[in-house]
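Raw run.pdb, PDB, C-alpha atoms, pLDDT in the B column:
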```
ATOM      1  CA  MET A 488      10.273  30.500  -4.720  1.00 76.00           C
ATOM      2  CA  ASP A 489       6.943  31.865  -3.561  1.00 82.00           C
ATOM      3  CA  LEU A 490       5.476  31.704  -7.048  1.00 85.00           C
ATOM      4  CA  LEU A 491       6.684  28.145  -7.566  1.00 88.00           C
ATOM      5  CA  GLY A 492       5.066  27.291  -4.255  1.00 87.00           C
ATOM      6  CA  TRP A 493       1.736  28.646  -5.457  1.00 89.00           C
ATOM      7  CA  LEU A 494       2.034  26.663  -8.667  1.00 91.00           C
ATOM      8  CA  PHE A 495       2.503  23.485  -6.624  1.00 91.00           C
ATOM      9  CA  ILE A 496      -0.397  24.294  -4.313  1.00 90.00           C
ATOM     10  CA  GLY A 497      -2.658  25.027  -7.279  1.00 91.00           C
ATOM     11  CA  LEU A 498      -1.733  21.730  -8.920  1.00 91.00           C
ATOM     12  CA  GLY A 499      -2.300  19.905  -5.648  1.00 91.00           C
ATOM     13  CA  VAL A 500      -5.797  21.352  -5.267  1.00 91.00           C
ATOM     14  CA  ALA A 501      -6.534  20.299  -8.847  1.00 91.00           C
ATOM     15  CA  PHE A 502      -5.503  16.731  -7.985  1.00 91.00           C
ATOM     16  CA  PHE A 503      -7.808  16.713  -4.957  1.00 89.00           C
ATOM     17  CA  LEU A 504     -10.614  17.868  -7.234  1.00 88.00           C
ATOM     18  CA  SER A 505      -9.962  15.048  -9.674  1.00 88.00           C
ATOM     19  CA  GLY A 506      -9.840  12.575  -6.793  1.00 85.00           C
ATOM     20  CA  THR A 507     -13.308  13.628  -5.678  1.00 84.00           C
ATOM     21  CA  VAL A 508     -14.655  13.482  -9.218  1.00 84.00           C
ATOM     22  CA  ALA A 509     -13.221   9.971  -9.506  1.00 82.00           C
ATOM     23  CA  LEU A 510     -14.920   8.917  -6.268  1.00 80.00           C
ATOM     24  CA  LEU A 511     -18.216  10.168  -7.645  1.00 79.00           C
ATOM     25  CA  ARG A 512     -17.924   8.861 -11.181  1.00 78.00           C
ATOM     26  CA  PHE A 513     -15.912   5.630 -11.246  1.00 77.00           C
ATOM     27  CA  PRO A 514     -17.950   2.446 -11.558  1.00 75.00           C
ATOM     28  CA  ASP A 515     -16.756   0.110  -8.770  1.00 77.00           C
ATOM     29  CA  LEU A 516     -14.879  -0.124  -5.509  1.00 77.00           C
ATOM     30  CA  TYR A 517     -11.505  -1.078  -6.924  1.00 80.00           C
ATOM     31  CA  THR A 518     -11.266   1.684  -9.505  1.00 81.00           C
ATOM     32  CA  ARG A 519     -12.432   4.191  -6.902  1.00 81.00           C
ATOM     33  CA  LEU A 520      -9.827   2.962  -4.458  1.00 81.00           C
ATOM     34  CA  HIS A 521      -7.171   3.225  -7.135  1.00 81.00           C
ATOM     35  CA  ALA A 522      -8.160   6.760  -8.117  1.00 81.00           C
ATOM     36  CA  LEU A 523      -8.630   7.932  -4.565  1.00 81.00           C
ATOM     37  CA  THR A 524      -5.302   6.858  -3.138  1.00 83.00           C
ATOM     38  CA  LYS A 525      -3.163   8.001  -6.049  1.00 85.00           C
ATOM     39  CA  ALA A 526      -4.809  11.322  -6.759  1.00 87.00           C
ATOM     40  CA  ASP A 527      -5.090  12.276  -3.105  1.00 87.00           C
ATOM     41  CA  ASN A 528      -1.559  11.445  -2.101  1.00 89.00           C
ATOM     42  CA  LEU A 529      -0.172  13.240  -5.111  1.00 91.00           C
ATOM     43  CA  GLY A 530      -2.387  16.222  -4.287  1.00 90.00           C
ATOM     44  CA  LEU A 531      -1.228  16.223  -0.682  1.00 91.00           C
ATOM     45  CA  GLY A 532       2.377  15.859  -1.803  1.00 92.00           C
ATOM     46  CA  LEU A 533       2.092  18.836  -4.142  1.00 93.00           C
ATOM     47  CA  VAL A 534       0.387  20.998  -1.506  1.00 92.00           C
ATOM     48  CA  ALA A 535       3.018  20.024   1.071  1.00 92.00           C
ATOM     49  CA  SER A 536       5.878  20.744  -1.368  1.00 91.00           C
ATOM     50  CA  GLY A 537       4.355  24.101  -2.241  1.00 91.00           C
ATOM     51  CA  LEU A 538       4.025  25.011   1.413  1.00 90.00           C
ATOM     52  CA  ALA A 539       7.567  23.787   2.096  1.00 90.00           C
ATOM     53  CA  LEU A 540       8.897  26.058  -0.657  1.00 89.00           C
ATOM     54  CA  GLN A 541       7.142  29.001   0.970  1.00 88.00           C
ATOM     55  CA  ALA A 542       7.984  28.068   4.538  1.00 85.00           C
ATOM     56  CA  GLY A 543      11.453  29.588   4.523  1.00 80.00           C
ATOM     57  CA  SER A 544      12.568  27.297   7.312  1.00 86.00           C
ATOM     58  CA  PHE A 545      14.271  23.962   6.965  1.00 88.00           C
ATOM     59  CA  ALA A 546      12.629  22.479  10.055  1.00 89.00           C
ATOM     60  CA  VAL A 547       9.129  23.296   8.814  1.00 88.00           C
ATOM     61  CA  ALA A 548       9.894  21.907   5.363  1.00 90.00           C
ATOM     62  CA  LEU A 549      11.203  18.702   6.913  1.00 91.00           C
ATOM     63  CA  LYS A 550       8.081  18.363   9.041  1.00 90.00           C
ATOM     64  CA  LEU A 551       5.857  18.805   5.992  1.00 90.00           C
ATOM     65  CA  LEU A 552       7.826  16.094   4.212  1.00 91.00           C
ATOM     66  CA  LEU A 553       7.458  13.739   7.183  1.00 90.00           C
ATOM     67  CA  ILE A 554       3.699  14.370   7.364  1.00 91.00           C
ATOM     68  CA  TRP A 555       3.388  13.523   3.684  1.00 91.00           C
ATOM     69  CA  LEU A 556       5.413  10.331   4.095  1.00 91.00           C
ATOM     70  CA  LEU A 557       3.297   9.213   7.056  1.00 90.00           C
ATOM     71  CA  ILE A 558       0.060   9.819   5.169  1.00 90.00           C
ATOM     72  CA  MET A 559       1.365   7.937   2.131  1.00 90.00           C
ATOM     73  CA  LEU A 560       2.397   4.961   4.226  1.00 90.00           C
ATOM     74  CA  ALA A 561      -0.936   4.923   6.066  1.00 88.00           C
ATOM     75  CA  SER A 562      -3.061   5.290   2.979  1.00 87.00           C
ATOM     76  CA  ALA A 563      -1.151   2.626   1.054  1.00 87.00           C
ATOM     77  CA  SER A 564      -1.660   0.122   3.867  1.00 88.00           C
ATOM     78  CA  VAL A 565      -5.297   1.084   4.310  1.00 87.00           C
ATOM     79  CA  SER A 566      -6.161   0.808   0.628  1.00 86.00           C
ATOM     80  CA  HIS A 567      -4.567  -2.626   0.571  1.00 86.00           C
ATOM     81  CA  LEU A 568      -6.618  -3.666   3.617  1.00 86.00           C
ATOM     82  CA  ILE A 569      -9.882  -2.391   2.170  1.00 83.00           C
ATOM     83  CA  ALA A 570      -9.319  -4.092  -1.173  1.00 83.00           C
ATOM     84  CA  ARG A 571      -8.400  -7.396   0.458  1.00 83.00           C
ATOM     85  CA  ALA A 572     -11.379  -7.301   2.819  1.00 81.00           C
ATOM     86  CA  ALA A 573     -13.742  -6.444  -0.012  1.00 79.00           C
ATOM     87  CA  ARG A 574     -12.414  -9.307  -2.077  1.00 80.00           C
ATOM     88  CA  ALA A 575     -12.764 -11.746   0.823  1.00 77.00           C
ATOM     89  CA  ALA A 576     -16.308 -10.547   1.442  1.00 75.00           C
ATOM     90  CA  ARG A 577     -17.261 -11.032  -2.170  1.00 74.00           C
ATOM     91  CA  ALA A 578     -15.658 -14.481  -2.338  1.00 75.00           C
ATOM     92  CA  ALA A 579     -17.737 -15.489   0.696  1.00 71.00           C
ATOM     93  CA  GLY A 580     -20.889 -14.411  -1.093  1.00 66.00           C
ATOM     94  CA  HIS A 581     -21.536 -11.237   0.853  1.00 58.00           C
ATOM     95  CA  GLY A 582     -22.116  -8.261  -1.374  1.00 53.00           C
ATOM     96  CA  THR A 583     -19.824  -5.341  -0.869  1.00 49.00           C
ATOM     97  CA  GLU A 584     -22.792  -3.167  -1.798  1.00 50.00           C
ATOM     98  CA  SER A 585     -20.776  -1.762  -4.631  1.00 48.00           C
ATOM     99  CA  GLY A 586     -21.101  -4.516  -7.207  1.00 46.00           C
ATOM    100  CA  THR A 587     -21.663  -3.378 -10.774  1.00 40.00           C
TER     101      THR A 587
ATOM    102  CA  MET B 802       1.009  35.004   3.006  1.00 55.00           C
ATOM    103  CA  GLY B 803      -2.488  34.717   4.353  1.00 71.00           C
ATOM    104  CA  GLU B 804      -5.500  35.088   2.139  1.00 84.00           C
ATOM    105  CA  PRO B 805      -4.533  32.828  -0.800  1.00 86.00           C
ATOM    106  CA  HIS B 806      -3.785  29.981   1.611  1.00 86.00           C
ATOM    107  CA  LEU B 807      -7.200  30.391   3.155  1.00 89.00           C
ATOM    108  CA  PHE B 808      -8.767  30.481  -0.291  1.00 89.00           C
ATOM    109  CA  ALA B 809      -7.069  27.219  -1.273  1.00 89.00           C
ATOM    110  CA  ALA B 810      -8.217  25.659   2.001  1.00 89.00           C
ATOM    111  CA  THR B 811     -11.791  26.754   1.278  1.00 91.00           C
ATOM    112  CA  VAL B 812     -11.689  25.188  -2.185  1.00 90.00           C
ATOM    113  CA  LEU B 813     -10.502  21.904  -0.677  1.00 89.00           C
ATOM    114  CA  LEU B 814     -13.269  22.008   1.931  1.00 90.00           C
ATOM    115  CA  ALA B 815     -15.851  22.547  -0.800  1.00 90.00           C
ATOM    116  CA  THR B 816     -14.421  19.578  -2.668  1.00 87.00           C
ATOM    117  CA  VAL B 817     -14.636  17.262   0.283  1.00 86.00           C
ATOM    118  CA  THR B 818     -18.176  18.417   1.028  1.00 88.00           C
ATOM    119  CA  VAL B 819     -19.210  17.097  -2.375  1.00 83.00           C
ATOM    120  CA  GLY B 820     -17.630  13.767  -1.447  1.00 77.00           C
ATOM    121  CA  LEU B 821     -19.528  13.682   1.839  1.00 82.00           C
ATOM    122  CA  VAL B 822     -22.821  14.305   0.033  1.00 82.00           C
ATOM    123  CA  ARG B 823     -22.238  10.960  -1.604  1.00 71.00           C
ATOM    124  CA  VAL B 824     -22.065   9.306   1.804  1.00 71.00           C
ATOM    125  CA  LEU B 825     -25.321  10.990   2.802  1.00 75.00           C
ATOM    126  CA  LEU B 826     -26.989   9.705  -0.345  1.00 76.00           C
ATOM    127  CA  GLY B 827     -25.951   6.292   0.913  1.00 64.00           C
ATOM    128  CA  THR B 828     -24.604   3.990  -1.764  1.00 65.00           C
ATOM    129  CA  GLY B 829     -22.987   1.598   0.695  1.00 69.00           C
ATOM    130  CA  ARG B 830     -20.703   1.290   3.677  1.00 71.00           C
ATOM    131  CA  VAL B 831     -17.516   0.728   1.716  1.00 74.00           C
ATOM    132  CA  GLU B 832     -18.204   3.897  -0.251  1.00 74.00           C
ATOM    133  CA  GLY B 833     -18.597   5.692   3.062  1.00 76.00           C
ATOM    134  CA  LEU B 834     -15.223   4.383   4.174  1.00 79.00           C
ATOM    135  CA  LEU B 835     -13.622   5.567   0.937  1.00 81.00           C
ATOM    136  CA  ALA B 836     -15.165   9.006   1.372  1.00 80.00           C
ATOM    137  CA  LEU B 837     -13.790   9.029   4.906  1.00 81.00           C
ATOM    138  CA  GLN B 838     -10.299   8.303   3.588  1.00 83.00           C
ATOM    139  CA  LEU B 839     -10.726  11.148   1.131  1.00 84.00           C
ATOM    140  CA  LEU B 840     -11.873  13.379   3.972  1.00 86.00           C
ATOM    141  CA  GLY B 841      -8.840  12.379   6.024  1.00 86.00           C
ATOM    142  CA  THR B 842      -6.287  13.231   3.348  1.00 89.00           C
ATOM    143  CA  THR B 843      -8.069  16.441   2.406  1.00 89.00           C
ATOM    144  CA  ALA B 844      -8.352  17.509   6.038  1.00 90.00           C
ATOM    145  CA  VAL B 845      -4.587  17.122   6.422  1.00 91.00           C
ATOM    146  CA  ALA B 846      -4.022  19.380   3.397  1.00 91.00           C
ATOM    147  CA  VAL B 847      -6.556  21.923   4.696  1.00 92.00           C
ATOM    148  CA  VAL B 848      -4.962  22.055   8.147  1.00 92.00           C
ATOM    149  CA  LEU B 849      -1.467  22.426   6.620  1.00 91.00           C
ATOM    150  CA  LEU B 850      -2.721  25.325   4.494  1.00 90.00           C
ATOM    151  CA  LEU B 851      -4.313  26.909   7.570  1.00 90.00           C
ATOM    152  CA  ALA B 852      -1.071  26.494   9.529  1.00 90.00           C
ATOM    153  CA  GLN B 853       0.725  28.569   6.903  1.00 87.00           C
ATOM    154  CA  GLY B 854      -2.116  31.032   6.246  1.00 87.00           C
ATOM    155  CA  LEU B 855      -2.840  31.798   9.902  1.00 89.00           C
ATOM    156  CA  GLU B 856       0.781  31.344  10.969  1.00 85.00           C
ATOM    157  CA  LEU B 857      -0.150  28.868  13.670  1.00 86.00           C
ATOM    158  CA  SER B 858       2.601  26.251  13.608  1.00 85.00           C
ATOM    159  CA  GLY B 859       0.775  24.030  16.122  1.00 88.00           C
ATOM    160  CA  LEU B 860      -1.725  23.145  13.433  1.00 89.00           C
ATOM    161  CA  ARG B 861       0.944  20.997  11.732  1.00 88.00           C
ATOM    162  CA  ASP B 862       0.831  18.631  14.713  1.00 90.00           C
ATOM    163  CA  LEU B 863      -2.936  18.520  14.313  1.00 91.00           C
ATOM    164  CA  ALA B 864      -2.389  17.478  10.697  1.00 89.00           C
ATOM    165  CA  LEU B 865      -0.290  14.533  11.873  1.00 88.00           C
ATOM    166  CA  VAL B 866      -2.970  13.427  14.331  1.00 90.00           C
ATOM    167  CA  LEU B 867      -5.715  13.713  11.710  1.00 88.00           C
ATOM    168  CA  GLY B 868      -3.770  11.570   9.279  1.00 86.00           C
ATOM    169  CA  LEU B 869      -3.178   8.937  11.906  1.00 87.00           C
ATOM    170  CA  LEU B 870      -6.834   8.898  13.009  1.00 88.00           C
ATOM    171  CA  ALA B 871      -8.148   8.500   9.458  1.00 84.00           C
ATOM    172  CA  SER B 872      -6.075   5.380   8.899  1.00 85.00           C
ATOM    173  CA  THR B 873      -6.920   3.983  12.353  1.00 88.00           C
ATOM    174  CA  VAL B 874     -10.641   4.312  11.610  1.00 86.00           C
ATOM    175  CA  ALA B 875     -10.216   2.390   8.368  1.00 83.00           C
ATOM    176  CA  VAL B 876      -8.258  -0.399  10.070  1.00 85.00           C
ATOM    177  CA  ALA B 877     -10.894  -0.696  12.807  1.00 85.00           C
ATOM    178  CA  PHE B 878     -13.675  -0.733  10.228  1.00 81.00           C
ATOM    179  CA  VAL B 879     -12.075  -3.523   8.241  1.00 80.00           C
ATOM    180  CA  ARG B 880     -11.071  -5.558  11.287  1.00 78.00           C
ATOM    181  CA  TYR B 881     -14.267  -5.346  13.324  1.00 76.00           C
ATOM    182  CA  GLY B 882     -17.136  -6.216  11.085  1.00 62.00           C
ATOM    183  CA  GLY B 883     -17.413  -3.434   8.577  1.00 60.00           C
ATOM    184  CA  LEU B 884     -17.433  -6.098   5.914  1.00 60.00           C
ATOM    185  CA  ASP B 885     -19.415  -9.122   7.048  1.00 52.00           C
ATOM    186  CA  SER B 886     -17.189 -12.061   6.235  1.00 43.00           C
ATOM    187  CA  TRP B 887     -14.160 -10.335   7.680  1.00 43.00           C
ATOM    188  CA  ARG B 888     -15.643 -10.372  11.172  1.00 41.00           C
ATOM    189  CA  ASP B 889     -13.836 -13.489  12.342  1.00 44.00           C
ATOM    190  CA  GLY B 890     -10.469 -12.348  11.226  1.00 45.00           C
ATOM    191  CA  PRO B 891      -8.389 -13.285   8.225  1.00 46.00           C
ATOM    192  CA  LYS B 892      -9.188 -16.685   6.797  1.00 44.00           C
ATOM    193  CA  GLN B 893      -5.735 -18.057   6.128  1.00 41.00           C
TER     194      GLN B 893
END
```
What does the file become when written as structure tokens?
Amino acid sequence: MDLLGWLFIGLGVAFFLSGTVALLRFPDLYTRLHALTKADNLGLGLVASGLALQAGSFAVALKLLLIWLLIMLASASVSHLIARAARAARAAGHGTESGT
Amino acid sequence: MGEPHLFAATVLLATVTVGLVRVLLGTGRVEGLLALQLLGTTAVAVVLLLAQGLELSGLRDLALVLGLLASTVAVAFVRYGGLDSWRDGPKQ
């Protein structure tokens, strides 16, 4: 159980790493947004699952799950908002400063 | 328990620092907002790892607050003039 937890945490950290690399390397706002939200939430989910496996208490595991769900909900809504606002800004002729 | 959790938290902090360097280099406000979202999610993971590593269960509540704040900042940014044409509210 402990070992499996570490495996999950390690994988989660790797996903966070790839999320940051994507933020640095991807060409425009939309691809960055896509990479950021997916990679990060998966990373957080893996870290939270790993910690839940190690927690040894049902209440703590449930809390970790709820935290992950809240973050997923928030980040899904926020990424939608950002993308829509950026699109509206570009349609109105304002640059989003992230063209290319 | 203990040390490995703290190690993982340190790795995550190093990761997010790299992301923040991008904001400092200044490629645009939207990029800054994206980096902030990244910081928010990563901070939640870091605080959760610390809660387990240091055996301070109160830190899990802090993780909840951090997650909520990160999304609130993004909503405020989008709604109140972060992107110019959005300043007067949705167009529909």
Residues of chain B within 9 Å of chain A, using only C-alpha atoms, as a CSV table (one decimal) with C-alpha atoms, keeping the file's coordinate frame?
```csv
chain,number,residue,atom,x,y,z
B,802,MET,CA,1.0,35.0,3.0
B,805,PRO,CA,-4.5,32.8,-0.8
B,806,HIS,CA,-3.8,30.0,1.6
B,809,ALA,CA,-7.1,27.2,-1.3
B,810,ALA,CA,-8.2,25.7,2.0
B,812,VAL,CA,-11.7,25.2,-2.2
B,813,LEU,CA,-10.5,21.9,-0.7
B,816,THR,CA,-14.4,19.6,-2.7
B,817,VAL,CA,-14.6,17.3,0.3
B,819,VAL,CA,-19.2,17.1,-2.4
B,820,GLY,CA,-17.6,13.8,-1.4
B,823,ARG,CA,-22.2,11.0,-1.6
B,828,THR,CA,-24.6,4.0,-1.8
B,829,GLY,CA,-23.0,1.6,0.7
B,830,ARG,CA,-20.7,1.3,3.7
B,831,VAL,CA,-17.5,0.7,1.7
B,832,GLU,CA,-18.2,3.9,-0.3
B,834,LEU,CA,-15.2,4.4,4.2
B,835,LEU,CA,-13.6,5.6,0.9
B,836,ALA,CA,-15.2,9.0,1.4
B,838,GLN,CA,-10.3,8.3,3.6
B,839,LEU,CA,-10.7,11.1,1.1
B,842,THR,CA,-6.3,13.2,3.3
B,843,THR,CA,-8.1,16.4,2.4
B,845,VAL,CA,-4.6,17.1,6.4
B,846,ALA,CA,-4.0,19.4,3.4
B,849,LEU,CA,-1.5,22.4,6.6
B,850,LEU,CA,-2.7,25.3,4.5
B,853,GLN,CA,0.7,28.6,6.9
B,858,SER,CA,2.6,26.3,13.6
B,861,ARG,CA,0.9,21.0,11.7
B,862,ASP,CA,0.8,18.6,14.7
B,864,ALA,CA,-2.4,17.5,10.7
B,865,LEU,CA,-0.3,14.5,11.9
B,868,GLY,CA,-3.8,11.6,9.3
B,869,LEU,CA,-3.2,8.9,11.9
B,871,ALA,CA,-8.1,8.5,9.5
B,872,SER,CA,-6.1,5.4,8.9
B,873,THR,CA,-6.9,4.0,12.4
B,875,ALA,CA,-10.2,2.4,8.4
B,876,VAL,CA,-8.3,-0.4,10.1
B,879,VAL,CA,-12.1,-3.5,8.2
B,880,ARG,CA,-11.1,-5.6,11.3
B,884,LEU,CA,-17.4,-6.1,5.9
B,885,ASP,CA,-19.4,-9.1,7.0
B,886,SER,CA,-17.2,-12.1,6.2
B,887,TRP,CA,-14.2,-10.3,7.7
B,891,PRO,CA,-8.4,-13.3,8.2
B,892,LYS,CA,-9.2,-16.7,6.8
```
(request) Find the distance between CA of Gly803 in chain B and CA of Leu821 in chain B and write it in Å to one decimal. (result) 27.2 Å
As lines of an AutoDock Vina configuration file, please: the centre and edge lengths in Å, to one decimal, of an axis-aligned box enclosing every listed atom of range 513-521 of chain A with 5 Å added on each side.
```
center_x = -12.6
center_y = 2.3
center_z = -8.0
size_x = 20.8
size_y = 16.7
size_z = 17.1
```
(request) Tell me, in Å to one decimal, how far CA of Gly841 in chain B is from CA of Leu814 in chain B. (result) 11.4 Å
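The two atoms in question, CA of Leu851 in chain B and CA of Phe808 in chain B, are spaced 9.7 Å apart.
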